[in-house]
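Heads up: the structure comes next, in structure tokens.
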Amino acid sequence: MSLPDQWIVFLGRTLRGHHHDDTMLQQALPPEVEWFTDMKVRVDRGYLGMQSDYRGDQIALPTKKPRKSHKNPNPPLSEEQRAANTALSRVRIFIEPAIGGMKRYNIWYIPFATV
């Protein structure tokens, strides 16, 4: 988690390999505790279960495009949904450089030994 000015305020346990974002969040911050009741939370599509698992009035998730089917081979998002996703992305874009910086310097992946 980070603030809009790219200050990282929480970094969960790092894991090797592929792990779903929402599962790692539930392990680090159990849903039974009210973590996000007084916060504005902006997340990406990796946290689609967050609104149903956590309590909070200000949890904003992007709208996911509907699945393709034989009857609807190219289901579009409505203009309102696209506008809401764009507005959310404009807020979240300031957080991504903080995450990229952590990855660039291998802070997430390399454990540091303390002597």
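Residues are referred to by chain and number: the chain letter is A, B, ... according to the order shown in the structure tokens, the number counts from 1 in that chain, and ligands are numbered separately from 1 in the order shown.
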From a backbone DSSP assignment, name each residue in chain A labelled strand (DSSP E), as a list of chain:residue names.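 Taking chain A and keeping strand (DSSP E) gives A:Val41, A:Arg42, A:Ile59, A:Ala60.
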All helix (DSSP H, G or I) positions in stretch 13-98 of chain A, as a PyMOL selection string: chain A and resi 21-28+45-47+50-53+79-92+96-98
With a distance cut-off of 10 Å and only C-alpha atoms, select the neighbouring residues of A:Leu61, excluding the residue or stretch itself and same-chain residues fewer than 3 positions from it, and output the selection as an MDAnalysis selection string. chainID A and resid 41:51 58 64 84:85 88:89
For A:Thr37, which residue among A:Asp53, A:Ile59, A:Ala87, A:His70 is the nearest when counting only C-alpha atoms?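 Closest candidate: A:Ile59.
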When you look at A:Leu3 with a cut-off of 12 Å (counting only C-alpha atoms), what residues show up, excluding the ones that are within fewer than 3 positions of it in the same chain? I need them as a ChimeraX atom specification. /A:6-10,39-42,91-99
In Å, with one decimal, what is the gap from atom CA of A:Glu34 to atom CA of A:Met102?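 Calculated distance between atom CA of A:Glu34 and atom CA of A:Met102 is 27.3 Å.
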